[in-house]
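See below for data_34.txt, which holds compact mmCIF, C-alpha atoms.
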```txt
# COMPACT_ATOMS: atom_id res chain seq x y z
CA MET E 891 142.99 141.77 -38.33
CA GLU E 892 139.56 140.58 -39.49
CA ARG E 893 139.35 137.07 -40.79
CA SER E 894 138.13 136.75 -44.38
CA GLU E 895 135.23 134.48 -45.32
CA PRO E 896 136.16 131.06 -46.74
CA GLN E 897 136.59 130.99 -50.50
CA ARG E 898 133.85 129.37 -52.59
CA TRP E 899 134.49 126.11 -54.44
CA HIS E 900 136.08 126.49 -57.86
CA ALA E 901 133.73 126.79 -60.85
CA MET E 902 135.21 123.64 -62.42
CA GLY E 903 133.83 121.57 -59.55
CA ILE E 904 135.58 118.37 -58.51
CA ALA E 905 138.27 118.80 -61.18
CA ARG E 906 139.63 121.56 -58.91
CA VAL E 907 140.10 121.28 -55.14
CA PRO E 908 140.41 124.68 -53.40
CA TYR E 909 143.42 124.95 -51.13
CA HIS E 910 141.54 126.71 -48.35
CA ILE E 911 139.79 123.47 -47.33
CA TYR E 912 143.15 122.17 -46.08
CA THR E 913 143.89 125.15 -43.82
CA ASP E 914 140.67 126.98 -42.85
CA PRO E 915 139.75 126.55 -39.14
CA GLN E 916 136.06 127.10 -39.96
CA ILE E 917 136.15 124.28 -42.50
CA TYR E 918 137.80 122.03 -39.92
CA VAL E 919 135.06 122.71 -37.34
CA ARG E 920 132.41 122.04 -39.97
CA GLU E 921 134.11 118.72 -40.82
CA GLN E 922 133.95 117.62 -37.21
CA GLU E 923 130.24 118.39 -37.02
CA ARG E 924 129.11 117.09 -40.40
CA ILE E 925 131.54 114.26 -41.13
CA PHE E 926 132.99 112.67 -37.99
CA CYS E 927 130.02 113.49 -35.74
CA GLY E 928 127.55 113.20 -38.59
CA LYS E 929 125.98 110.25 -40.39
CA SER E 930 129.23 108.29 -40.69
CA TRP E 931 130.39 104.91 -39.43
CA ASN E 932 133.80 105.63 -37.86
CA TYR E 933 136.34 102.87 -37.31
CA VAL E 934 137.33 102.53 -33.65
CA GLY E 935 139.17 99.21 -33.45
CA LEU E 936 139.35 95.46 -33.88
CA SER E 937 137.37 93.03 -31.75
CA ALA E 938 140.67 91.29 -30.99
CA GLU E 939 141.77 94.40 -29.08
CA ILE E 940 138.96 93.96 -26.53
CA PRO E 941 138.37 90.18 -26.59
CA ASN E 942 137.22 89.70 -22.98
CA LEU E 943 134.35 91.02 -20.89
CA GLY E 944 135.48 94.27 -19.27
CA ASP E 945 138.26 94.96 -21.78
CA PHE E 946 138.49 98.52 -23.07
CA LYS E 947 140.41 100.63 -25.58
CA ARG E 948 140.79 104.40 -25.63
CA THR E 949 140.71 106.03 -29.07
CA VAL E 950 139.50 109.11 -30.95
CA ILE E 951 136.85 109.84 -33.60
CA GLY E 952 137.83 112.97 -35.50
CA ASP E 953 139.08 114.91 -32.50
CA LYS E 954 136.54 113.52 -29.99
CA PRO E 955 138.04 111.08 -27.44
CA VAL E 956 135.99 107.91 -26.93
CA VAL E 957 136.29 104.58 -25.11
CA VAL E 958 135.44 101.21 -26.66
CA ILE E 959 134.26 98.74 -24.00
CA ARG E 960 133.26 95.06 -24.01
CA ASP E 961 130.44 94.88 -21.43
CA ASN E 962 129.44 91.93 -19.26
CA GLU E 963 127.04 90.67 -21.93
CA GLY E 964 129.79 90.60 -24.55
CA LYS E 965 128.53 93.64 -26.46
CA ALA E 966 130.93 96.32 -27.69
CA ASN E 967 129.93 99.79 -26.46
CA VAL E 968 131.44 103.13 -27.43
CA VAL E 969 131.06 106.15 -25.13
CA GLU E 970 132.55 109.62 -25.08
CA ASN E 971 135.61 109.86 -22.85
CA ARG E 972 134.01 112.76 -21.00
CA CYS E 973 132.44 112.64 -17.56
CA ALA E 974 128.82 113.81 -17.62
CA HIS E 975 129.52 115.96 -14.55
CA ARG E 976 132.30 118.40 -15.49
CA GLY E 977 133.73 116.97 -18.71
CA VAL E 978 136.86 115.31 -17.29
CA GLN E 979 138.48 112.55 -19.35
CA PHE E 980 137.89 109.65 -17.01
CA CYS E 981 139.91 107.06 -18.99
CA GLN E 982 143.64 107.68 -19.38
CA LYS E 983 145.00 104.22 -20.29
CA PRO E 984 145.23 103.18 -23.95
CA PHE E 985 144.05 99.64 -23.11
CA GLY E 986 142.92 97.86 -19.97
CA HIS E 987 140.32 95.89 -18.07
CA ALA E 988 137.66 97.36 -15.78
CA ASN E 989 134.49 96.47 -13.92
CA GLU E 990 133.40 100.10 -13.92
CA PHE E 991 134.77 103.57 -14.73
CA MET E 992 135.23 106.24 -12.09
CA CYS E 993 136.02 109.87 -12.86
CA PRO E 994 139.17 110.86 -10.90
CA TYR E 995 137.88 114.38 -10.13
CA HIS E 996 134.60 113.86 -8.24
CA GLN E 997 134.34 110.07 -8.48
CA TRP E 998 131.16 109.85 -10.52
CA THR E 999 131.04 106.17 -11.47
CA TYR E 1000 129.69 104.45 -14.60
CA ASN E 1001 129.06 100.84 -15.55
CA LEU E 1002 130.42 99.22 -18.72
CA LYS E 1003 127.40 100.40 -20.72
CA GLY E 1004 128.05 104.03 -19.77
CA ASP E 1005 125.20 104.34 -17.25
CA LEU E 1006 125.77 106.50 -14.16
CA ILE E 1007 125.71 104.24 -11.10
CA GLY E 1008 127.35 106.34 -8.38
CA VAL E 1009 127.43 110.01 -7.30
CA PRO E 1010 129.31 110.75 -4.05
CA PHE E 1011 127.36 112.88 -1.55
CA ARG E 1012 124.30 112.71 -3.73
CA ARG E 1013 122.11 113.02 -0.58
CA GLY E 1014 124.48 115.50 1.05
CA VAL E 1015 126.35 115.19 4.33
CA LYS E 1016 124.56 115.53 7.65
CA GLN E 1017 121.45 116.71 5.80
CA GLN E 1018 123.40 119.51 4.16
CA GLY E 1019 124.03 120.00 0.45
CA GLY E 1020 123.69 117.20 -2.04
CA MET E 1021 122.01 117.02 -5.41
CA PRO E 1022 118.48 118.35 -5.97
CA ALA E 1023 115.69 115.92 -5.08
CA ASP E 1024 114.72 115.52 -8.73
CA PHE E 1025 118.26 114.64 -9.88
CA ASP E 1026 117.91 111.51 -12.04
CA VAL E 1027 121.01 109.35 -12.57
CA LYS E 1028 119.38 107.91 -15.71
CA GLN E 1029 119.65 111.33 -17.34
CA HIS E 1030 123.35 111.75 -16.60
CA GLY E 1031 125.13 108.78 -18.12
CA LEU E 1032 127.97 109.00 -20.60
CA ARG E 1033 127.05 109.86 -24.18
CA LYS E 1034 126.62 106.58 -26.02
CA LEU E 1035 127.35 106.10 -29.69
CA LYS E 1036 125.66 103.72 -32.09
CA VAL E 1037 127.88 100.65 -32.61
CA HIS E 1038 128.26 98.03 -35.32
CA GLU E 1039 130.64 95.08 -35.07
CA ARG E 1040 131.24 93.08 -38.25
CA HIS E 1041 133.65 90.17 -38.70
CA GLY E 1042 136.01 91.42 -36.01
CA VAL E 1043 135.93 95.15 -36.80
CA ILE E 1044 134.16 97.77 -34.65
CA PHE E 1045 132.57 100.96 -35.97
CA ALA E 1046 130.72 103.73 -34.14
CA ALA E 1047 128.47 106.62 -35.18
CA PHE E 1048 127.35 109.73 -33.33
CA ALA E 1049 124.18 109.96 -35.44
CA ASP E 1050 121.31 107.62 -34.50
CA ASP E 1051 119.94 107.80 -38.05
CA VAL E 1052 123.12 106.64 -39.81
CA GLU E 1053 122.51 104.09 -42.59
CA PRO E 1054 122.72 100.39 -41.77
CA PHE E 1055 126.39 99.42 -42.07
CA GLU E 1056 126.02 97.06 -45.02
CA GLN E 1057 124.06 99.70 -46.95
CA TYR E 1058 126.63 102.34 -45.93
CA LEU E 1059 129.47 100.36 -47.50
CA GLY E 1060 127.52 99.28 -50.58
CA GLU E 1061 127.76 95.97 -52.40
CA SER E 1062 131.17 96.39 -54.05
CA MET E 1063 132.96 97.80 -51.00
CA LEU E 1064 131.34 95.24 -48.69
CA LYS E 1065 132.77 92.42 -50.84
CA LEU E 1066 136.25 93.91 -50.56
CA PHE E 1067 135.80 94.40 -46.81
CA ASP E 1068 134.64 90.80 -46.32
CA ARG E 1069 137.51 89.57 -48.49
CA VAL E 1070 139.94 90.44 -45.67
CA PHE E 1071 137.53 90.32 -42.74
CA ASP E 1072 135.91 87.02 -43.69
CA GLY E 1073 134.78 85.91 -40.23
CA ARG E 1074 138.04 84.28 -39.12
CA SER E 1075 139.25 85.38 -35.68
CA LEU E 1076 141.92 88.06 -35.86
CA THR E 1077 145.09 88.49 -33.87
CA VAL E 1078 146.92 91.80 -33.39
CA LEU E 1079 150.60 91.72 -34.40
CA GLY E 1080 151.62 95.26 -33.50
CA TYR E 1081 151.08 99.01 -33.73
CA SER E 1082 152.69 102.07 -35.24
CA ARG E 1083 151.69 105.70 -34.75
CA GLN E 1084 152.89 108.86 -36.41
CA LEU E 1085 152.00 112.55 -36.32
CA ILE E 1086 151.98 114.02 -39.82
CA PRO E 1087 152.05 117.84 -40.27
CA ALA E 1088 149.38 117.92 -42.97
CA ASN E 1089 145.61 118.04 -43.36
CA TRP E 1090 143.87 114.69 -42.87
CA LYS E 1091 142.31 114.78 -46.35
CA LEU E 1092 145.75 114.63 -47.94
CA MET E 1093 146.14 111.14 -46.45
CA PHE E 1094 142.87 109.98 -47.98
CA GLU E 1095 143.86 111.58 -51.28
CA ASN E 1096 147.18 109.75 -51.17
CA ILE E 1097 145.61 106.31 -50.81
CA LYS E 1098 142.97 107.14 -53.43
CA ASP E 1099 145.69 108.30 -55.85
CA PRO E 1100 147.22 105.52 -57.99
CA TYR E 1101 148.78 108.15 -60.28
CA HIS E 1102 151.59 108.92 -57.81
CA ALA E 1103 152.37 105.32 -56.87
CA SER E 1104 154.39 104.63 -60.04
CA LEU E 1105 156.20 107.97 -59.80
CA LEU E 1106 157.05 108.60 -56.15
CA HIS E 1107 157.76 105.18 -54.65
CA VAL E 1108 161.14 103.75 -55.66
CA PHE E 1109 160.46 100.49 -53.83
CA LEU E 1110 157.02 99.83 -55.35
CA VAL E 1111 158.13 100.64 -58.87
CA THR E 1112 161.47 98.84 -58.85
CA PHE E 1113 160.20 95.60 -57.35
CA GLY E 1114 156.94 95.59 -59.30
CA LEU E 1115 154.68 95.68 -56.23
CA PHE E 1116 152.40 98.45 -57.52
CA ARG E 1117 152.97 100.34 -60.73
CA ALA E 1118 151.13 101.65 -63.77
CA ASP E 1119 151.99 98.76 -66.11
CA ASN E 1120 150.63 96.13 -63.69
CA PRO E 1121 147.11 94.73 -64.21
CA SER E 1122 145.07 97.11 -62.05
CA LYS E 1123 141.74 98.83 -61.49
CA VAL E 1124 139.96 101.35 -59.28
CA ARG E 1125 136.53 100.81 -57.74
CA MET E 1126 134.11 103.06 -55.82
CA ASP E 1127 130.74 102.80 -54.14
CA ARG E 1128 127.67 104.56 -55.54
CA THR E 1129 128.37 107.77 -53.55
CA GLY E 1130 132.10 108.11 -54.25
CA ARG E 1131 132.92 108.33 -50.53
CA HIS E 1132 134.57 104.87 -50.41
CA GLY E 1133 137.14 103.62 -52.90
CA ALA E 1134 139.67 100.90 -53.66
CA LEU E 1135 142.93 100.67 -55.59
CA ILE E 1136 143.49 97.10 -56.78
CA SER E 1137 146.61 95.67 -58.43
CA GLU E 1138 148.46 92.50 -59.38
CA LYS E 1139 152.19 92.17 -58.72
CA GLY E 1140 154.42 92.55 -61.76
CA GLU E 1141 158.07 91.76 -62.33
CA GLN E 1142 161.26 93.67 -61.57
CA LYS E 1143 162.04 94.46 -65.16
CA LYS E 1144 162.08 97.44 -67.46
CA THR E 1145 159.19 97.78 -69.91
CA GLU E 1146 158.23 100.41 -72.44
CA ASP E 1147 155.90 101.96 -69.87
CA VAL E 1148 158.72 102.41 -67.33
CA ALA E 1149 160.32 105.24 -69.30
CA GLU E 1150 158.28 107.91 -67.47
CA MET E 1151 158.79 106.26 -64.07
CA LYS E 1152 161.91 108.10 -62.90
CA SER E 1153 161.84 106.18 -59.63
CA PHE E 1154 162.61 102.86 -61.36
CA ARG E 1155 166.03 101.53 -60.26
CA GLU E 1156 166.88 98.42 -62.27
CA GLN E 1157 170.09 97.86 -60.33
CA LEU E 1158 168.39 97.96 -56.92
CA LYS E 1159 168.58 94.61 -55.10
CA LEU E 1160 167.66 93.42 -51.61
CA ALA E 1161 170.33 91.99 -49.31
CA ASP E 1162 167.62 89.71 -47.89
CA PRO E 1163 165.11 88.76 -50.63
CA LYS E 1164 162.75 87.08 -48.15
CA LEU E 1165 160.89 90.41 -47.91
CA LEU E 1166 159.66 89.84 -51.45
CA GLU E 1167 158.71 86.18 -51.09
CA PRO E 1168 155.02 86.34 -50.25
CA VAL E 1169 152.60 83.43 -50.22
CA ARG E 1170 149.67 83.76 -52.64
CA GLU E 1171 147.03 84.16 -49.93
CA PHE E 1172 144.29 85.99 -51.82
CA PRO E 1173 143.81 84.44 -55.26
CA GLU E 1174 142.49 87.43 -57.20
CA TYR E 1175 144.67 90.43 -56.17
CA THR E 1176 148.07 91.00 -54.58
CA VAL E 1177 147.32 94.58 -53.44
CA VAL E 1178 144.04 96.14 -52.32
CA MET E 1179 144.03 99.54 -50.62
CA LEU E 1180 140.49 100.23 -49.41
CA THR E 1181 139.48 103.67 -48.11
CA LEU E 1182 136.28 103.82 -46.06
CA TRP E 1183 134.77 107.23 -45.26
CA PRO E 1184 135.62 108.96 -43.04
CA ASN E 1185 138.61 107.60 -41.10
CA LEU E 1186 139.74 104.13 -42.20
CA ILE E 1187 142.22 102.66 -44.65
CA ILE E 1188 142.33 98.86 -44.96
CA GLN E 1189 145.54 97.61 -46.49
CA GLN E 1190 146.34 94.23 -48.02
CA GLN E 1191 149.82 94.39 -49.51
CA SER E 1192 150.84 90.80 -50.32
CA ASN E 1193 150.64 89.15 -46.85
CA THR E 1194 150.72 92.36 -44.81
CA LEU E 1195 147.32 93.24 -43.35
CA ALA E 1196 146.67 96.46 -41.48
CA THR E 1197 144.11 99.09 -40.61
CA ARG E 1198 145.12 102.74 -40.64
CA GLN E 1199 142.97 105.04 -38.54
CA LEU E 1200 143.02 108.80 -39.16
CA ILE E 1201 142.75 111.06 -36.10
CA THR E 1202 142.45 114.77 -36.82
CA ARG E 1203 144.49 117.28 -34.81
CA GLY E 1204 143.38 120.55 -36.37
CA PRO E 1205 143.53 121.72 -39.99
CA GLY E 1206 147.27 121.17 -40.38
CA GLU E 1207 148.00 117.97 -38.47
CA PHE E 1208 146.72 114.43 -38.05
CA GLU E 1209 147.71 111.15 -36.44
CA LEU E 1210 147.94 107.96 -38.44
CA CYS E 1211 147.47 104.88 -36.30
CA TRP E 1212 148.46 101.54 -37.84
CA THR E 1213 147.22 98.22 -36.46
CA PHE E 1214 148.94 95.23 -38.07
CA PHE E 1215 147.02 91.98 -37.76
CA GLY E 1216 146.75 88.42 -38.96
CA TYR E 1217 144.41 85.48 -38.44
CA ALA E 1218 144.30 83.33 -35.32
CA THR E 1219 144.80 80.27 -37.56
CA ASP E 1220 148.09 81.60 -39.05
CA SER E 1221 151.12 79.36 -38.81
CA GLU E 1222 154.27 80.75 -37.22
CA GLU E 1223 155.79 80.97 -40.71
CA MET E 1224 152.89 83.11 -41.95
CA LYS E 1225 153.10 85.34 -38.90
CA GLN E 1226 156.76 85.98 -39.63
CA LYS E 1227 155.96 86.76 -43.27
CA ARG E 1228 153.36 89.33 -42.18
CA LEU E 1229 155.79 90.94 -39.76
CA ARG E 1230 158.63 90.98 -42.27
CA GLN E 1231 156.49 92.51 -45.00
CA ALA E 1232 155.19 95.09 -42.51
CA ASN E 1233 158.54 96.83 -43.04
CA LEU E 1234 157.06 98.21 -46.25
CA MET E 1235 154.59 100.25 -44.24
CA GLY E 1236 154.42 102.37 -41.08
CA PRO E 1237 156.27 105.63 -40.25
CA ALA E 1238 159.66 104.31 -41.47
CA GLY E 1239 158.37 101.82 -44.04
CA PHE E 1240 160.27 101.35 -47.30
CA VAL E 1241 157.18 102.71 -49.08
CA SER E 1242 155.16 104.75 -46.59
CA ILE E 1243 158.00 106.99 -45.50
CA ASP E 1244 157.75 108.68 -48.92
CA ASP E 1245 154.08 109.54 -48.37
CA SER E 1246 154.64 111.16 -44.98
CA GLU E 1247 157.30 113.46 -46.37
CA VAL E 1248 155.41 114.42 -49.52
CA MET E 1249 152.25 115.23 -47.52
CA LYS E 1250 154.26 117.71 -45.46
CA PHE E 1251 155.57 119.23 -48.70
CA SER E 1252 151.97 119.45 -49.94
CA GLN E 1253 150.75 121.25 -46.82
CA ASP E 1254 153.71 123.63 -46.94
CA GLY E 1255 152.96 124.46 -50.57
CA ILE E 1256 149.22 124.85 -50.10
CA ALA E 1257 149.09 126.89 -46.89
CA PRO E 1258 150.28 130.29 -48.27
CA TYR E 1259 147.77 130.22 -51.16
CA PRO E 1260 144.22 129.74 -49.82
CA SER E 1261 142.61 131.29 -52.90
CA GLU E 1262 144.26 128.83 -55.33
CA ALA E 1263 143.17 125.28 -56.23
CA GLY E 1264 144.71 121.93 -57.09
CA VAL E 1265 144.21 120.36 -60.53
CA MET E 1266 142.46 116.96 -60.53
CA GLU E 1267 142.03 116.11 -64.22
CA MET E 1268 144.04 112.90 -64.69
CA GLY E 1269 141.62 110.39 -66.19
CA GLY E 1270 138.91 112.99 -66.85
CA ARG E 1271 136.80 115.41 -64.83
CA ASP E 1272 134.16 113.03 -63.49
CA TRP E 1273 134.48 109.81 -61.49
CA ARG E 1274 133.81 106.20 -62.36
CA ASP E 1275 135.33 102.74 -62.02
CA GLU E 1276 138.34 102.17 -64.27
CA ASP E 1277 140.44 99.17 -65.28
CA HIS E 1278 143.70 101.09 -65.00
CA MET E 1279 145.41 103.33 -62.44
CA VAL E 1280 146.30 106.41 -64.51
CA THR E 1281 143.48 108.39 -62.95
CA GLU E 1282 142.53 110.73 -60.13
CA GLY E 1283 138.88 109.71 -60.39
CA VAL E 1284 138.76 108.15 -56.91
CA ILE E 1285 139.83 111.48 -55.41
CA ARG E 1286 137.18 113.29 -57.45
CA GLY E 1287 134.56 110.83 -56.18
CA PHE E 1288 135.64 111.56 -52.60
CA TYR E 1289 135.28 115.32 -53.10
CA ASP E 1290 131.95 114.94 -54.88
CA TYR E 1291 130.56 113.39 -51.69
CA TYR E 1292 132.57 115.72 -49.42
CA ARG E 1293 130.99 118.79 -51.07
CA LYS E 1294 127.49 117.42 -50.53
CA VAL E 1295 128.05 116.62 -46.85
CA MET E 1296 129.80 119.94 -46.21
CA GLU E 1297 127.35 121.91 -48.40
CA LEU E 1298 130.23 123.72 -50.12
```

Could you write out this file's structure as structure tokens?
Amino acid sequence: MERSEPQRWHAMGIARVPYHIYTDPQIYVREQERIFCGKSWNYVGLSAEIPNLGDFKRTVIGDKPVVVIRDNEGKANVVENRCAHRGVQFCQKPFGHANEFMCPYHQWTYNLKGDLIGVPFRRGVKQQGGMPADFDVKQHGLRKLKVHERHGVIFAAFADDVEPFEQYLGESMLKLFDRVFDGRSLTVLGYSRQLIPANWKLMFENIKDPYHASLLHVFLVTFGLFRADNPSKVRMDRTGRHGALISEKGEQKKTEDVAEMKSFREQLKLADPKLLEPVREFPEYTVVMLTLWPNLIIQQQSNTLATRQLITRGPGEFELCWTFFGYATDSEEMKQKRLRQANLMGPAGFVSIDDSEVMKFSQDGIAPYPSEAGVMEMGGRDWRDEDHMVTEGVIRGFYDYYRKVMEL
């Protein structure tokens, strides 16, 4: 059976999102080329994960495996996890320490910068075989990515001509980034990983979508952590690719605005109320969910701090990798608060478990109807900053930029 050409974008523009972009293999390949391997700063980890010279971390950008390495000069390097000889993944451990990297297949060896430093039998054996006389090791190192490390967070880009990082984030997003990553040393508290059977963009939509938060999440609504009648706002950068949902904590009480929030459960109580006893750590906001194009969510929910990295696994599947962290100066009491409140998030979190399930339902509903489109009109048909959360404008901003990059 011949494969049909991808459908064109809907005539109503960003107020409609065509379903085929969540399922089309051609679209997925184009995303890898233009977004993840394009002019984007991709999150790859925290400096605290590779604190010492020779420390490394294995991770993925889009669907391209890479290794993050702290070299002997203290610089963070990011290289493709692909031997320059025959393409073998030379690094198999998620974390570790090394003086060099050697491919297990033919033992080509690289230093911590990714330079080729050893080729067995390069001159042959007993004057037989070997590499050609003009073989140059300098031309056969690992592919190196451009790297930027800011306040304990490491980003990498495949494109040499990517914007400077500060310009890439823009003034408003940079302030929100530096609010959490303010230069204090970080400490990793733990990890969670989950495989979600949905397109990766649905995850970004979810975090850019304050509309659903007061309707889907029983826990958020009932305990006043994030709901429509709280003081709130949405903010974006000048391109629409990055965005933030910002809110103040309200009370566990019924208001006139709660009538349409079917998830509100006035009788719901916690057996251990310590979960909802945060310390006022950030004076201006109690919740900031920051989405940075193309693969990072930065979460500050009361005292819980985490990065969420998106790893694509084809059109209908992605990994969500959570890294929970705190500051090296945290007291033991604060550390315990962060860990306790982390139960809100992650694969089985009191809040996040709802998102995982509803994203699967979304993918299941979308997949059979590639010629249809989703409606994105809450709050208007354009995108702009708002001082409320009854809007889908942050999603529209995302797709405005997505269309330009993808040329759809």

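In this structure, atom CA of E:Lys954 sits 7.4 Å away from atom CA of E:Glu970.
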
Residues within 12 Å of (158.2, 93.7, -36.3), file coords, all atoms listed in the file, listed as an NGL selection string: :E and (1078-1082 or 1194 or 1213-1215 or 1225-1236 or 1238-1239)

For the atom pair atom CA of E:Ser1062 and atom CA of E:Arg1083, what is the interatomic distance in Å to one decimal place?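 Distance reported for this atom pair: 29.7 Å.
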
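Considering all atoms listed in the file, the residue among E:Tyr1101, E:Phe1240, E:Phe946, E:Tyr918 positioned nearest to E:Arg1203 is E:Tyr918.
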
So which residues touch E:Gly1269 within 8 Å, counting only C-alpha atoms, skipping near sequence neighbours fewer than 3 positions away, as an MDAnalysis selection string? chainID E and resid 1280:1283

Identify which of the residues E:Gln1199, E:Ser937, E:Asn1185, E:Ser1246 lies closest to E:Phe1071, counting all atoms listed in the file when measuring atom-to-atom distances.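 So, comparing all the options, the nearest one is E:Ser937.
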
So the first atom is atom CA of E:Gly1206 and the second is atom CA of E:Ala1088; what is the distance between them in Å, to one decimal place?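 Separation of atom CA of E:Gly1206 and atom CA of E:Ala1088: 4.7 Å.
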
Residue among E:Gly1060, E:Arg1069, E:Arg1040, E:Asp1244 lying closest to E:Leu1105, counting all atoms listed in the file: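 So, comparing all the options, the nearest one is E:Asp1244.
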
Let me have the centre and edge lengths in Å, one decimal, of the box along x, y and z around every listed atom of stretch 1069-1083 of chain E with 4 Å of margin on each side, as lines of an AutoDock Vina configuration file.
```
center_x = 143.7
center_y = 95.0
center_z = -40.9
size_x = 25.9
size_y = 29.4
size_z = 23.1
```

Got a sec to check which residues sit within 9 Å of (138.6, 105.0, -17.1), counting all atoms listed in the file, and write them as a ChimeraX atom specification? /E:946,948,957,971,979-983,986,988,990-994

When you look at E:Leu943 with a cut-off of 7 Å (counting all atoms listed in the file), what residues show up, excluding the ones that are within fewer than 4 positions of it in the same chain? I need them as a list of chain:residue names. E:Arg960, E:Asp961, E:Asn962, E:Gly964

Could you dump the residues just selected with C-alpha atoms as a JSON list (two decimals), keeping the file's coordinate frame?
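Written out: result.json:
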```
[["chain", "number", "residue", "atom", "x", "y", "z"],
["E", 960, "ARG", "CA", 133.26, 95.06, -24.01],
["E", 961, "ASP", "CA", 130.44, 94.88, -21.43],
["E", 962, "ASN", "CA", 129.44, 91.93, -19.26],
["E", 964, "GLY", "CA", 129.79, 90.60, -24.55]]
```

Check the smallest atom-to-atom distance from each of E:Glu1174, E:Glu1209, E:Glu1039, E:Glu1095 to E:Ile951 using all atoms listed in the file, then report the winner. E:Glu1209

Top pick for closest residue to E:Lys1250, considering E:Val907, E:Val919, E:Val978, E:Met1093 and counting only C-alpha atoms: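 That would be E:Met1093, the residue with the smallest distance to E:Lys1250.
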
For E:Ile959, please output as a ChimeraX atom specification all residues within 7 Å (counting all atoms listed in the file; exclusion window: fewer than 4 positions along the same chain). /E:944-947,966-968,1002

Can you work out which one of E:Leu1032, E:Met1268, E:Ala1134, E:Leu1210 has the shortest atom-to-atom distance to E:Trp1090, counting all atoms listed in the file? E:Leu1210

What's around stretch 897-904 of chain E at 8 Å? Count all atoms listed in the file, leave out sequence neighbours fewer than 2 positions away in its own chain, and write the answer as a ChimeraX atom specification. /E:895,906-908,910,1260-1261,1263,1266,1271-1272,1286-1287,1289-1290,1298
